[in-house]
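Engineer: Please find run-v1.json (JSON, C-alpha atoms and all ligand atoms) on the next line:
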```json
[["chain", "number", "residue", "atom", "x", "y", "z"],
["P", 1, "MET", "CA", -1.19, -21.28, -7.21],
["P", 2, "PHE", "CA", -3.36, -19.44, -4.65],
["P", 3, "PHE", "CA", -5.63, -16.73, -6.00],
["P", 4, "PRO", "CA", -7.64, -14.55, -3.59],
["P", 5, "VAL", "CA", -11.41, -14.48, -3.97],
["P", 6, "MET", "CA", -11.24, -10.73, -3.78],
["P", 7, "THR", "CA", -8.58, -8.08, -3.49],
["P", 8, "ALA", "CA", -8.50, -6.17, -0.20],
["P", 9, "LEU", "CA", -8.90, -2.40, -0.47],
["P", 10, "SER", "CA", -6.61, -0.52, 1.92],
["P", 11, "VAL", "CA", -7.23, 3.22, 1.81],
["P", 12, "ASN", "CA", -4.20, 5.44, 2.29],
["P", 13, "LEU", "CA", -5.04, 8.30, 4.70],
["P", 14, "ASN", "CA", -2.01, 10.49, 3.92],
["P", 15, "LYS", "CA", -4.02, 13.11, 2.05],
["P", 16, "ILE", "CA", -6.65, 13.31, 4.81],
["P", 17, "ALA", "CA", -3.83, 14.02, 7.26],
["P", 18, "LEU", "CA", -2.37, 16.60, 4.86],
["P", 19, "LEU", "CA", -5.68, 18.49, 4.89],
["P", 20, "ARG", "CA", -5.78, 18.32, 8.68],
["P", 21, "ASN", "CA", -2.21, 19.57, 9.03],
["P", 22, "SER", "CA", -2.88, 22.56, 6.80],
["P", 23, "ARG", "CA", -4.97, 24.29, 9.51],
["P", 24, "GLY", "CA", -3.13, 23.27, 12.65],
["P", 25, "ARG", "CA", -6.14, 21.69, 14.33],
["P", 26, "ASP", "CA", -7.53, 18.20, 14.40],
["P", 27, "TYR", "CA", -9.98, 18.51, 11.50],
["P", 28, "PRO", "CA", -10.58, 16.31, 9.64],
["P", 29, "ASN", "CA", -9.78, 13.79, 12.34],
["P", 30, "VAL", "CA", -7.86, 10.94, 10.71],
["P", 31, "VAL", "CA", -9.19, 8.26, 13.06],
["P", 32, "ALA", "CA", -12.80, 9.36, 12.58],
["P", 33, "TYR", "CA", -12.28, 9.30, 8.82],
["P", 34, "GLY", "CA", -10.72, 5.86, 9.02],
["P", 35, "ARG", "CA", -13.69, 4.67, 11.05],
["P", 36, "TYR", "CA", -16.03, 6.08, 8.42],
["P", 37, "LEU", "CA", -14.18, 4.13, 5.71],
["P", 38, "ILE", "CA", -14.37, 0.92, 7.75],
["P", 39, "ASP", "CA", -18.11, 1.41, 8.06],
["P", 40, "LEU", "CA", -18.24, 1.80, 4.27],
["P", 41, "GLY", "CA", -16.64, -1.64, 3.95],
["P", 42, "VAL", "CA", -12.93, -1.16, 3.27],
["P", 43, "GLN", "CA", -10.69, -3.99, 4.47],
["P", 44, "GLY", "CA", -7.70, -1.93, 5.48],
["P", 45, "LEU", "CA", -6.13, 1.44, 6.20],
["P", 46, "THR", "CA", -2.68, 2.49, 5.03],
["P", 47, "VAL", "CA", -0.47, 5.31, 6.22],
["P", 48, "HIS", "CA", 2.93, 6.42, 5.04],
["P", 49, "PRO", "CA", 4.39, 8.59, 7.82],
["P", 50, "ARG", "CA", 7.25, 10.25, 5.96],
["P", 51, "GLN", "CA", 10.38, 11.43, 7.66],
["P", 52, "ASP", "CA", 9.18, 15.06, 7.57],
["P", 53, "GLN", "CA", 5.73, 14.06, 8.95],
["P", 54, "ARG", "CA", 3.99, 16.33, 6.46],
["P", 55, "HIS", "CA", 1.05, 13.95, 6.09],
["P", 56, "THR", "CA", 0.39, 11.25, 8.67],
["P", 57, "LYS", "CA", 2.41, 11.59, 11.84],
["P", 58, "ASP", "CA", 3.76, 8.89, 14.13],
["P", 59, "ARG", "CA", 0.93, 9.63, 16.59],
["P", 60, "ASP", "CA", -1.60, 8.73, 13.87],
["P", 61, "VAL", "CA", -0.10, 5.25, 13.57],
["P", 62, "HIS", "CA", -0.74, 4.53, 17.25],
["P", 63, "ASP", "CA", -4.26, 5.97, 17.09],
["P", 64, "LEU", "CA", -5.15, 4.00, 13.96],
["P", 65, "ARG", "CA", -3.68, 0.82, 15.44],
["P", 66, "GLU", "CA", -6.08, 1.24, 18.35],
["P", 67, "LEU", "CA", -8.96, 1.84, 15.94],
["P", 68, "VAL", "CA", -8.40, -1.26, 13.82],
["P", 69, "ALA", "CA", -7.93, -3.43, 16.91],
["P", 70, "ALA", "CA", -11.65, -2.98, 17.53],
["P", 71, "PHE", "CA", -12.58, -4.50, 14.14],
["P", 72, "HIS", "CA", -12.01, -8.11, 13.27],
["P", 73, "GLY", "CA", -10.34, -8.51, 9.86],
["P", 74, "ILE", "CA", -9.45, -4.87, 9.32],
["P", 75, "GLU", "CA", -5.72, -4.39, 8.74],
["P", 76, "LEU", "CA", -3.36, -1.48, 9.27],
["P", 77, "ASN", "CA", -0.54, -1.21, 6.75],
["P", 78, "VAL", "CA", 2.28, 1.18, 7.64],
["P", 79, "GLU", "CA", 4.64, 2.17, 4.84],
["P", 80, "GLY", "CA", 7.96, 3.95, 5.06],
["P", 81, "TYR", "CA", 11.71, 4.07, 4.82],
["P", 82, "PRO", "CA", 13.27, 1.84, 7.48],
["P", 83, "ASP", "CA", 15.30, 4.38, 9.45],
["P", 84, "GLU", "CA", 15.65, 4.09, 13.23],
["P", 85, "ARG", "CA", 12.58, 6.27, 13.94],
["P", 86, "PHE", "CA", 10.36, 4.24, 11.60],
["P", 87, "LEU", "CA", 11.51, 0.90, 12.99],
["P", 88, "GLN", "CA", 10.88, 2.05, 16.55],
["P", 89, "LEU", "CA", 7.39, 3.14, 15.46],
["P", 90, "ILE", "CA", 6.71, -0.31, 14.00],
["P", 91, "LEU", "CA", 8.05, -2.03, 17.09],
["P", 92, "ALA", "CA", 5.85, 0.09, 19.37],
["P", 93, "SER", "CA", 2.66, -0.04, 17.30],
["P", 94, "ARG", "CA", 2.81, -3.54, 15.73],
["P", 95, "PRO", "CA", 0.65, -2.96, 12.64],
["P", 96, "HIS", "CA", -0.58, -5.98, 10.68],
["P", 97, "GLN", "CA", 1.76, -5.17, 7.82],
["P", 98, "CYS", "CA", 4.83, -3.03, 7.33],
["P", 99, "THR", "CA", 5.75, -2.04, 3.78],
["P", 100, "LEU", "CA", 9.35, -0.96, 3.38],
["P", 101, "VAL", "CA", 9.85, 1.78, 0.78],
["P", 102, "PRO", "CA", 13.25, 3.12, -0.39],
["P", 103, "ASP", "CA", 12.31, 6.80, -0.03],
["P", 104, "ALA", "CA", 14.81, 9.60, 0.44],
["P", 105, "PRO", "CA", 13.97, 12.01, 3.31],
["P", 106, "ASP", "CA", 13.02, 14.87, 0.97],
["P", 107, "GLN", "CA", 11.07, 12.79, -1.53],
["P", 108, "LEU", "CA", 7.85, 14.31, -2.92],
["P", 109, "THR", "CA", 6.29, 10.88, -3.27],
["P", 110, "SER", "CA", 7.55, 7.32, -3.72],
["P", 111, "ASP", "CA", 9.01, 6.87, -7.19],
["P", 112, "HIS", "CA", 10.95, 3.59, -7.29],
["P", 113, "GLY", "CA", 11.15, 0.14, -5.78],
["P", 114, "TRP", "CA", 14.07, -1.41, -3.89],
["P", 115, "ASP", "CA", 17.18, -2.43, -5.77],
["P", 116, "LEU", "CA", 17.86, -5.76, -4.08],
["P", 117, "HIS", "CA", 21.23, -6.16, -5.82],
["P", 118, "GLN", "CA", 22.28, -3.36, -3.46],
["P", 119, "HIS", "CA", 19.99, -3.81, -0.46],
["P", 120, "PHE", "CA", 19.58, -7.58, -0.18],
["P", 121, "ASP", "CA", 21.25, -7.96, 3.23],
["P", 122, "GLN", "CA", 19.39, -4.97, 4.69],
["P", 123, "ILE", "CA", 15.99, -6.30, 3.57],
["P", 124, "LYS", "CA", 16.82, -9.85, 4.71],
["P", 125, "THR", "CA", 17.65, -8.56, 8.19],
["P", 126, "LEU", "CA", 14.52, -6.40, 8.33],
["P", 127, "ALA", "CA", 12.28, -9.25, 7.14],
["P", 128, "GLU", "CA", 13.65, -11.37, 9.98],
["P", 129, "GLN", "CA", 13.15, -8.58, 12.54],
["P", 130, "LEU", "CA", 9.55, -8.01, 11.42],
["P", 131, "ARG", "CA", 8.80, -11.73, 11.53],
["P", 132, "ARG", "CA", 10.15, -11.90, 15.08],
["P", 133, "ILE", "CA", 7.69, -9.21, 16.25],
["P", 134, "GLY", "CA", 4.74, -10.73, 14.35],
["P", 135, "VAL", "CA", 4.42, -8.03, 11.68],
["P", 136, "ARG", "CA", 3.91, -9.13, 8.06],
["P", 137, "SER", "CA", 6.63, -7.68, 5.85],
["P", 138, "SER", "CA", 6.24, -6.28, 2.37],
["P", 139, "ILE", "CA", 8.66, -4.42, 0.12],
["P", 140, "PHE", "CA", 7.93, -1.85, -2.57],
["P", 141, "LEU", "CA", 9.20, -3.28, -5.88],
["P", 142, "ASP", "CA", 9.29, -2.46, -9.57],
["P", 143, "PRO", "CA", 7.77, -5.17, -11.81],
["P", 144, "ASP", "CA", 11.16, -6.72, -12.49],
["P", 145, "CYS", "CA", 11.48, -10.52, -12.38],
["P", 146, "GLN", "CA", 15.13, -10.41, -11.25],
["P", 147, "GLN", "CA", 14.11, -8.28, -8.27],
["P", 148, "VAL", "CA", 11.21, -10.64, -7.53],
["P", 149, "GLU", "CA", 13.58, -13.62, -7.45],
["P", 150, "LEU", "CA", 15.85, -11.82, -5.03],
["P", 151, "ALA", "CA", 12.85, -10.72, -2.94],
["P", 152, "ALA", "CA", 11.83, -14.34, -2.44],
["P", 153, "LYS", "CA", 15.31, -15.10, -1.09],
["P", 154, "THR", "CA", 15.19, -12.26, 1.48],
["P", 155, "GLY", "CA", 12.36, -13.95, 3.39],
["P", 156, "VAL", "CA", 9.84, -11.10, 3.03],
["P", 157, "ASP", "CA", 6.21, -12.17, 3.11],
["P", 158, "ARG", "CA", 4.95, -9.97, 0.30],
["P", 159, "ILE", "CA", 5.95, -7.50, -2.36],
["P", 160, "GLU", "CA", 4.02, -4.36, -3.25],
["P", 161, "LEU", "CA", 4.25, -3.73, -6.99],
["P", 162, "TYR", "CA", 4.88, -0.04, -7.66],
["P", 163, "THR", "CA", 2.15, 0.76, -10.19],
["P", 164, "GLU", "CA", 2.95, 4.28, -11.42],
["P", 165, "ALA", "CA", 4.33, 2.99, -14.75],
["P", 166, "TYR", "CA", 1.14, 1.01, -15.29],
["P", 167, "ALA", "CA", -1.05, 4.02, -14.38],
["P", 168, "ASN", "CA", 0.86, 6.25, -16.81],
["P", 169, "ALA", "CA", 0.56, 3.69, -19.62],
["P", 170, "HIS", "CA", -3.14, 3.26, -18.89],
["P", 171, "ALA", "CA", -3.71, 7.01, -19.07],
["P", 172, "GLN", "CA", -2.17, 6.90, -22.58],
["P", 173, "ASP", "CA", -4.49, 4.01, -23.46],
["P", 174, "ASP", "CA", -1.43, 1.94, -24.35],
["P", 175, "TYR", "CA", -0.90, -0.37, -21.42],
["P", 176, "ASN", "CA", -0.95, -3.99, -22.70],
["P", 177, "ASP", "CA", 2.84, -4.44, -22.77],
["P", 178, "THR", "CA", 3.26, -2.76, -19.40],
["P", 179, "LEU", "CA", 0.48, -4.79, -17.83],
["P", 180, "ARG", "CA", 2.10, -7.97, -19.21],
["P", 181, "GLN", "CA", 5.29, -7.05, -17.35],
["P", 182, "TYR", "CA", 3.34, -6.66, -14.08],
["P", 183, "ARG", "CA", 1.51, -9.93, -14.71],
["P", 184, "ARG", "CA", 4.82, -11.76, -15.22],
["P", 185, "ALA", "CA", 6.28, -10.29, -12.03],
["P", 186, "ALA", "CA", 3.12, -11.07, -10.02],
["P", 187, "ASN", "CA", 2.91, -14.65, -11.33],
["P", 188, "LEU", "CA", 6.56, -15.30, -10.58],
["P", 189, "ALA", "CA", 6.16, -13.86, -7.07],
["P", 190, "THR", "CA", 3.18, -16.12, -6.43],
["P", 191, "GLN", "CA", 5.08, -19.17, -7.73],
["P", 192, "LEU", "CA", 7.94, -18.32, -5.37],
["P", 193, "GLY", "CA", 5.57, -18.14, -2.40],
["P", 194, "LEU", "CA", 5.35, -14.37, -2.07],
["P", 195, "GLY", "CA", 2.06, -12.53, -1.53],
["P", 196, "VAL", "CA", 1.49, -9.69, -3.98],
["P", 197, "ASN", "CA", 0.12, -6.23, -3.14],
["P", 198, "ALA", "CA", 0.05, -3.22, -5.46],
["P", 199, "GLY", "CA", -0.18, 0.52, -5.22],
["P", 200, "HIS", "CA", 0.64, 4.02, -6.43],
["P", 201, "ASP", "CA", -1.54, 6.07, -8.75],
["P", 202, "LEU", "CA", -4.23, 3.41, -8.99],
["P", 203, "ASP", "CA", -7.66, 4.92, -9.57],
["P", 204, "LEU", "CA", -11.23, 4.18, -10.61],
["P", 205, "ASN", "CA", -10.27, 4.22, -14.30],
["P", 206, "ASN", "CA", -7.27, 1.92, -14.20],
["P", 207, "LEU", "CA", -7.92, -0.50, -11.33],
["P", 208, "ALA", "CA", -10.23, -3.01, -13.02],
["P", 209, "ASP", "CA", -7.75, -3.65, -15.85],
["P", 210, "PHE", "CA", -4.94, -4.09, -13.33],
["P", 211, "LEU", "CA", -6.94, -6.60, -11.34],
["P", 212, "THR", "CA", -7.13, -8.90, -14.34],
["P", 213, "ILE", "CA", -3.90, -10.08, -12.68],
["P", 214, "PRO", "CA", -5.51, -12.69, -10.45],
["P", 215, "SER", "CA", -2.99, -12.87, -7.60],
["P", 216, "ILE", "CA", -3.23, -9.35, -6.17],
["P", 217, "LEU", "CA", -4.02, -9.67, -2.47],
["P", 218, "GLU", "CA", -4.28, -5.97, -1.58],
["P", 219, "VAL", "CA", -4.28, -2.58, -3.24],
["P", 220, "SER", "CA", -3.45, 0.56, -1.27],
["P", 221, "ILE", "CA", -4.95, 3.67, -2.80],
["P", 222, "GLY", "CA", -4.95, 7.24, -1.51],
["P", 223, "HIS", "CA", -4.21, 10.19, -3.74],
["P", 224, "ALA", "CA", -6.66, 9.59, -6.59],
["P", 225, "LEU", "CA", -9.28, 8.14, -4.26],
["P", 226, "THR", "CA", -9.24, 11.37, -2.23],
["P", 227, "VAL", "CA", -9.59, 13.50, -5.36],
["P", 228, "GLU", "CA", -12.36, 11.29, -6.75],
["P", 229, "SER", "CA", -14.15, 11.64, -3.40],
["P", 230, "LEU", "CA", -14.11, 15.44, -3.79],
["P", 231, "TYR", "CA", -15.89, 15.10, -7.12],
["P", 232, "GLN", "CA", -18.20, 12.16, -6.48],
["P", 233, "GLY", "CA", -18.51, 11.81, -2.71],
["P", 234, "VAL", "CA", -16.65, 9.26, -0.64],
["P", 235, "ASP", "CA", -19.60, 6.86, -0.19],
["P", 236, "SER", "CA", -20.02, 6.44, -3.93],
["P", 237, "VAL", "CA", -16.27, 6.21, -4.57],
["P", 238, "ILE", "CA", -15.68, 3.49, -1.98],
["P", 239, "LYS", "CA", -18.65, 1.55, -3.27],
["P", 240, "GLN", "CA", -17.18, 1.63, -6.78],
["P", 241, "TYR", "CA", -13.74, 0.51, -5.56],
["P", 242, "LEU", "CA", -15.24, -2.35, -3.58],
["P", 243, "GLN", "CA", -17.17, -3.47, -6.63],
["P", 244, "ILE", "CA", -14.01, -3.54, -8.71],
["P", 245, "CYS", "CA", -12.06, -5.37, -5.99],
["P", 246, "SER", "CA", -14.71, -8.04, -5.60],
["P", 247, "ALA", "CA", -15.52, -8.44, -9.31],
["P", 248, "LYS", "CA", -13.45, -11.63, -9.53],
["P", 249, "ALA", "CA", -15.65, -13.22, -6.86],
["P", 250, "GLN", "CA", -18.66, -13.12, -9.21],
["D", 301, "LIG", "C1", 4.57, 3.68, -1.35],
["D", 301, "LIG", "C2", 3.53, 4.46, -2.03],
["D", 301, "LIG", "O1", 3.42, 4.44, -3.23],
["D", 301, "LIG", "C3", 2.60, 5.29, -1.27],
["D", 301, "LIG", "O2", 2.74, 5.22, 0.08],
["D", 301, "LIG", "C4", 2.61, 6.65, -1.79],
["D", 301, "LIG", "O3", 3.93, 7.10, -1.81],
["D", 301, "LIG", "C5", 1.72, 7.55, -1.01],
["D", 301, "LIG", "O4", 2.43, 8.44, -0.31],
["D", 301, "LIG", "P1", 2.21, 10.01, -0.56],
["D", 301, "LIG", "O5", 0.80, 10.28, -0.20],
["D", 301, "LIG", "O6", 3.19, 10.58, 0.40],
["D", 301, "LIG", "O7", 2.53, 10.30, -1.97],
["D", 302, "LIG", "N1", 1.15, 2.07, -1.41],
["D", 302, "LIG", "C1", 0.49, 2.97, -2.27],
["D", 302, "LIG", "C2", -0.40, 3.84, -1.48],
["D", 302, "LIG", "O1", -0.54, 3.67, -0.30],
["D", 302, "LIG", "C3", -1.16, 4.90, -2.12],
["D", 302, "LIG", "O2", -0.57, 5.46, -3.24],
["D", 302, "LIG", "P1", -1.41, 6.61, -3.99],
["D", 302, "LIG", "O3", -2.76, 6.03, -4.33],
["D", 302, "LIG", "O4", -1.54, 7.74, -3.02],
["D", 302, "LIG", "O5", -0.60, 6.93, -5.20]]
```
What would the structure in this file look like if it were written as structure tokens?
Ligand SMILES: CC(=O)[C@@H](O)[C@H](O)COP(=O)(O)O
Ligand SMILES: NCC(=O)COP(=O)(O)O

Structural biologist:
Amino acid sequence: MFFPVMTALSVNLNKIALLRNSRGRDYPNVVAYGRYLIDLGVQGLTVHPRQDQRHTKDRDVHDLRELVAAFHGIELNVEGYPDERFLQLILASRPHQCTLVPDAPDQLTSDHGWDLHQHFDQIKTLAEQLRRIGVRSSIFLDPDCQQVELAAKTGVDRIELYTEAYANAHAQDDYNDTLRQYRRAANLATQLGLGVNAGHDLDLNNLADFLTIPSILEVSIGHALTVESLYQGVDSVIKQYLQICSAKAQ
């Protein structure tokens, strides 16, 4: 089984874009902020341009694609529901990774993974389309071994484990059973040849315990990281995340 030396930190810029959008001018500038994060050492940037464009907009994807192209090894991960608009955006911008999320148009935030009993053919077709254009595919998934087995048969490259249930259990200080479920799903995915990412509600308090699962290739973190940066400053917060993500290298 392949275990990464360290987990890549991909910072989700949605909440930076939300702040920008609230005043109708380009401040904070999402690309400048992304550049600042790259200089601090993050390995990736994530955006989730929702159908209503209330956070990151399609334009941001193109601008960030141009930014990361100037940095060797820095990846852009674009997440979203695969409607026609989103797929055209992926085709035009060619990010390193596209994470498909089963969001409804009016969804407040992502709150479930794909049900592959229902959407197997759709995901199989999309995985093939993404492979053809050279974009790594990932799908947002609950930590459910049946879903992981189906995911491996769709041909996707990776899964992103939806971690809200883990984060909630961790906040209650009662997370061992839940974490075991994630560990089982991650181990099975790795055995079946899938890469494993994770995200949603991860934060400085719960990440280290989650990364005791050795196979996590990438975590995408945005909401809590932005709030923590308000309290502690972004330089310090990113430094702490990078320490946690590289702890297994020591
Ligand atoms: C798929 C996922 O968990 C994230 O993309 C998360 O939904 C962040 O998006 P919001 O910032 O819109 O909540
Ligand atoms: N894929 C998860 C993500 O990008 C960020 O989720 P959150 O940290 O904003 O909950």

Engineer: I want to know what sits within 12 Å of His48 (chain P), based on only C-alpha atoms, with residues of the same chain fewer than 3 positions away left out; could you give that as a PyMOL selection string?

Structural biologist: chain P and resi 11-18+45+51-58+60-61+76-82+86+89-90+97-101+103+109-110+200+220-223

Engineer: Would you mind reading off the distance between CA of Cys145 (chain P) and CA of Gln181 (chain P), one decimal, in Å?

Structural biologist: 8.7 Å

Engineer: Go through P:Ala32, P:Leu230, P:Leu188, P:Ala104 one by one, measure the shortest atom-to-atom distance of each to Gln146 (chain P) using only C-alpha atoms, and give the residue with the smallest value.

Structural biologist: P:Leu188

Engineer: What is the CA of His72 (chain P)-CA of Val135 (chain P) distance in Å, reported with one decimal?

Structural biologist: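 Separating CA of His72 (chain P) from CA of Val135 (chain P) is a distance of 16.5 Å.
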
Engineer: Which residue out of P:Ser138, P:Gln191, P:Gln240, P:Gln43 has the minimum interatomic distance to ligand LIG 301 (chain D) when all atoms listed in the file are used?

Structural biologist: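 Of P:Ser138, P:Gln191, P:Gln240, P:Gln43, the one nearest ligand LIG 301 (chain D), counting all atoms listed in the file, is P:Ser138.
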
Engineer: Let me know the centre plus edge lengths, in Å and rounded to one decimal, of a box with edges along x, y and z that contains all listed atoms of ligand LIG 301 (chain D) and is padded by 5 Å on every side, as lines of an AutoDock Vina configuration file.

Structural biologist:
```
center_x = 2.7
center_y = 7.1
center_z = -1.4
size_x = 13.8
size_y = 16.9
size_z = 13.6
```

Engineer: Between P:Ser215, P:Asn206, P:Ser10, P:Gln147, which is the closest to ligand LIG 302 (chain D) once you count all atoms listed in the file?

Structural biologist: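 Smallest distance to ligand LIG 302 (chain D) is found for P:Ser10.
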
Engineer: Pro102 (chain P): which residues within 12 Å, counting all atoms listed in the file, same-chain residues fewer than 5 positions away excluded, as a list in words?

Structural biologist: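 Those residues are Arg50, Gln51, Glu79, Gly80, Tyr81, Pro82, Asp83, Gln107, Thr109, Ser110, Asp111, His112, Gly113, Trp114, Asp115, Leu116, Gln118, His119, Gln122, Ile123, Ile139, Phe140, Leu141, Asp142 and Tyr162 of chain P.
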
Engineer: Starting from the point (-13.6, 2.6, 8.5), work out which residues of protein, DNA or RNA have an atom no more than 12 Å away when counting all atoms listed in the file; state them as a ChimeraX atom specification.

Structural biologist: /P:9-13,30-46,64,67-76,234-235,238

Engineer: With distances taken over all atoms listed in the file, which residue among P:Leu108, P:Ala151, P:Leu126, P:Met6 lies nearest ligand LIG 302 (chain D)?

Structural biologist: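 Closest residue, counting all atoms listed in the file: P:Leu108.
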
Engineer: Find the residue from P:Ala198, P:Leu204, P:Leu242, P:Val47 that sits nearest to Val227 (chain P); use all atoms listed in the file when measuring.

Structural biologist: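 Checking each candidate against Val227 (chain P), we get P:Leu204 as the closest.
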
Engineer: Could you state the separation of CA of Ile216 (chain P) and CA of Ala186 (chain P) in Å, given to one decimal place?

Structural biologist: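 Interatomic distance here is 7.6 Å.
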
Engineer: Counting all atoms listed in the file, which of P:Asn29, P:Glu160, P:Thr154, P:Asn176 gets nearest to ligand LIG 302 (chain D)?

Structural biologist: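 Among the listed residues, P:Glu160 lies closest to ligand LIG 302 (chain D).
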
Engineer: Env of Leu202 (chain P): 8 Å cut, atoms = only C-alpha atoms, seq-sep filter 6 positions within chain, self excluded. Answer as a ChimeraX atom specification.

Structural biologist: /P:163-164,167,221,224

Engineer: Quick one: residues within 9 Å of (-11.5, -6.4, -5.2) (file frame), counting all atoms listed in the file, please, as number ranges by chain.

Structural biologist: P: 5-9, 208, 211, 216-219, 241-249

Engineer: Export, as a tab-separated table (two decimals), in the frame of the given file, the selected residues with C-alpha atoms.

Structural biologist:
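Saved result, part.tsv, follows:
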```tsv
chain	number	residue	atom	x	y	z
P	5	VAL	CA	-11.41	-14.48	-3.97
P	6	MET	CA	-11.24	-10.73	-3.78
P	7	THR	CA	-8.58	-8.08	-3.49
P	8	ALA	CA	-8.50	-6.17	-0.20
P	9	LEU	CA	-8.90	-2.40	-0.47
P	208	ALA	CA	-10.23	-3.01	-13.02
P	211	LEU	CA	-6.94	-6.60	-11.34
P	216	ILE	CA	-3.23	-9.35	-6.17
P	217	LEU	CA	-4.02	-9.67	-2.47
P	218	GLU	CA	-4.28	-5.97	-1.58
P	219	VAL	CA	-4.28	-2.58	-3.24
P	241	TYR	CA	-13.74	0.51	-5.56
P	242	LEU	CA	-15.24	-2.35	-3.58
P	243	GLN	CA	-17.17	-3.47	-6.63
P	244	ILE	CA	-14.01	-3.54	-8.71
P	245	CYS	CA	-12.06	-5.37	-5.99
P	246	SER	CA	-14.71	-8.04	-5.60
P	247	ALA	CA	-15.52	-8.44	-9.31
P	248	LYS	CA	-13.45	-11.63	-9.53
P	249	ALA	CA	-15.65	-13.22	-6.86
```

Engineer: Set the distance at 12 Å and use only C-alpha atoms: which residues neighbour Ile133 (chain P) once local chain neighbours fewer than 2 positions away are removed? I'd like the list as a list of chain:residue names.

Structural biologist: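 Everything that qualifies: P:Leu87, P:Gln88, P:Ile90, P:Leu91, P:Ala92, P:Ser93, P:Arg94, P:Pro95, P:His96, P:Gln97, P:Cys98, P:Leu126, P:Ala127, P:Glu128, P:Gln129, P:Leu130, P:Arg131, P:Val135, P:Arg136, P:Ser137.
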
Engineer: Would you mind writing region 151-165 of chain P with N, CA and C atoms, as a PDB file, in the coordinates of the input?

Structural biologist:
```
ATOM      1  N   ALA P 151      13.787 -10.986  -4.048  1.00  0.00           N
ATOM      2  CA  ALA P 151      12.850 -10.720  -2.940  1.00  0.00           C
ATOM      3  C   ALA P 151      12.482 -12.018  -2.235  1.00  0.00           C
ATOM      4  N   ALA P 152      12.228 -13.054  -3.036  1.00  0.00           N
ATOM      5  CA  ALA P 152      11.830 -14.340  -2.440  1.00  0.00           C
ATOM      6  C   ALA P 152      12.936 -14.896  -1.547  1.00  0.00           C
ATOM      7  N   LYS P 153      14.189 -14.586  -1.896  1.00  0.00           N
ATOM      8  CA  LYS P 153      15.310 -15.100  -1.090  1.00  0.00           C
ATOM      9  C   LYS P 153      15.546 -14.283   0.183  1.00  0.00           C
ATOM     10  N   THR P 154      14.974 -13.077   0.260  1.00  0.00           N
ATOM     11  CA  THR P 154      15.190 -12.260   1.480  1.00  0.00           C
ATOM     12  C   THR P 154      14.334 -12.754   2.637  1.00  0.00           C
ATOM     13  N   GLY P 155      13.249 -13.499   2.308  1.00  0.00           N
ATOM     14  CA  GLY P 155      12.360 -13.950   3.390  1.00  0.00           C
ATOM     15  C   GLY P 155      11.204 -13.013   3.656  1.00  0.00           C
ATOM     16  N   VAL P 156      11.021 -11.968   2.810  1.00  0.00           N
ATOM     17  CA  VAL P 156       9.840 -11.100   3.030  1.00  0.00           C
ATOM     18  C   VAL P 156       8.582 -11.899   2.718  1.00  0.00           C
ATOM     19  N   ASP P 157       7.472 -11.469   3.328  1.00  0.00           N
ATOM     20  CA  ASP P 157       6.210 -12.170   3.110  1.00  0.00           C
ATOM     21  C   ASP P 157       5.550 -11.763   1.793  1.00  0.00           C
ATOM     22  N   ARG P 158       5.644 -10.468   1.499  1.00  0.00           N
ATOM     23  CA  ARG P 158       4.950  -9.970   0.300  1.00  0.00           C
ATOM     24  C   ARG P 158       5.811  -8.943  -0.421  1.00  0.00           C
ATOM     25  N   ILE P 159       5.421  -8.671  -1.658  1.00  0.00           N
ATOM     26  CA  ILE P 159       5.950  -7.500  -2.360  1.00  0.00           C
ATOM     27  C   ILE P 159       4.759  -6.588  -2.663  1.00  0.00           C
ATOM     28  N   GLU P 160       5.036  -5.288  -2.753  1.00  0.00           N
ATOM     29  CA  GLU P 160       4.020  -4.360  -3.250  1.00  0.00           C
ATOM     30  C   GLU P 160       4.520  -3.841  -4.592  1.00  0.00           C
ATOM     31  N   LEU P 161       3.837  -4.205  -5.667  1.00  0.00           N
ATOM     32  CA  LEU P 161       4.250  -3.730  -6.990  1.00  0.00           C
ATOM     33  C   LEU P 161       3.951  -2.239  -7.109  1.00  0.00           C
ATOM     34  N   TYR P 162       4.972  -1.503  -7.499  1.00  0.00           N
ATOM     35  CA  TYR P 162       4.880  -0.040  -7.660  1.00  0.00           C
ATOM     36  C   TYR P 162       4.210   0.229  -9.010  1.00  0.00           C
ATOM     37  N   THR P 163       2.999   0.768  -8.995  1.00  0.00           N
ATOM     38  CA  THR P 163       2.150   0.760 -10.190  1.00  0.00           C
ATOM     39  C   THR P 163       2.126   2.076 -10.983  1.00  0.00           C
ATOM     40  N   GLU P 164       3.021   3.012 -10.677  1.00  0.00           N
ATOM     41  CA  GLU P 164       2.950   4.280 -11.420  1.00  0.00           C
ATOM     42  C   GLU P 164       3.147   4.078 -12.931  1.00  0.00           C
ATOM     43  N   ALA P 165       4.077   3.198 -13.312  1.00  0.00           N
ATOM     44  CA  ALA P 165       4.330   2.990 -14.750  1.00  0.00           C
ATOM     45  C   ALA P 165       3.074   2.440 -15.427  1.00  0.00           C
TER      46      ALA P 165
END
```
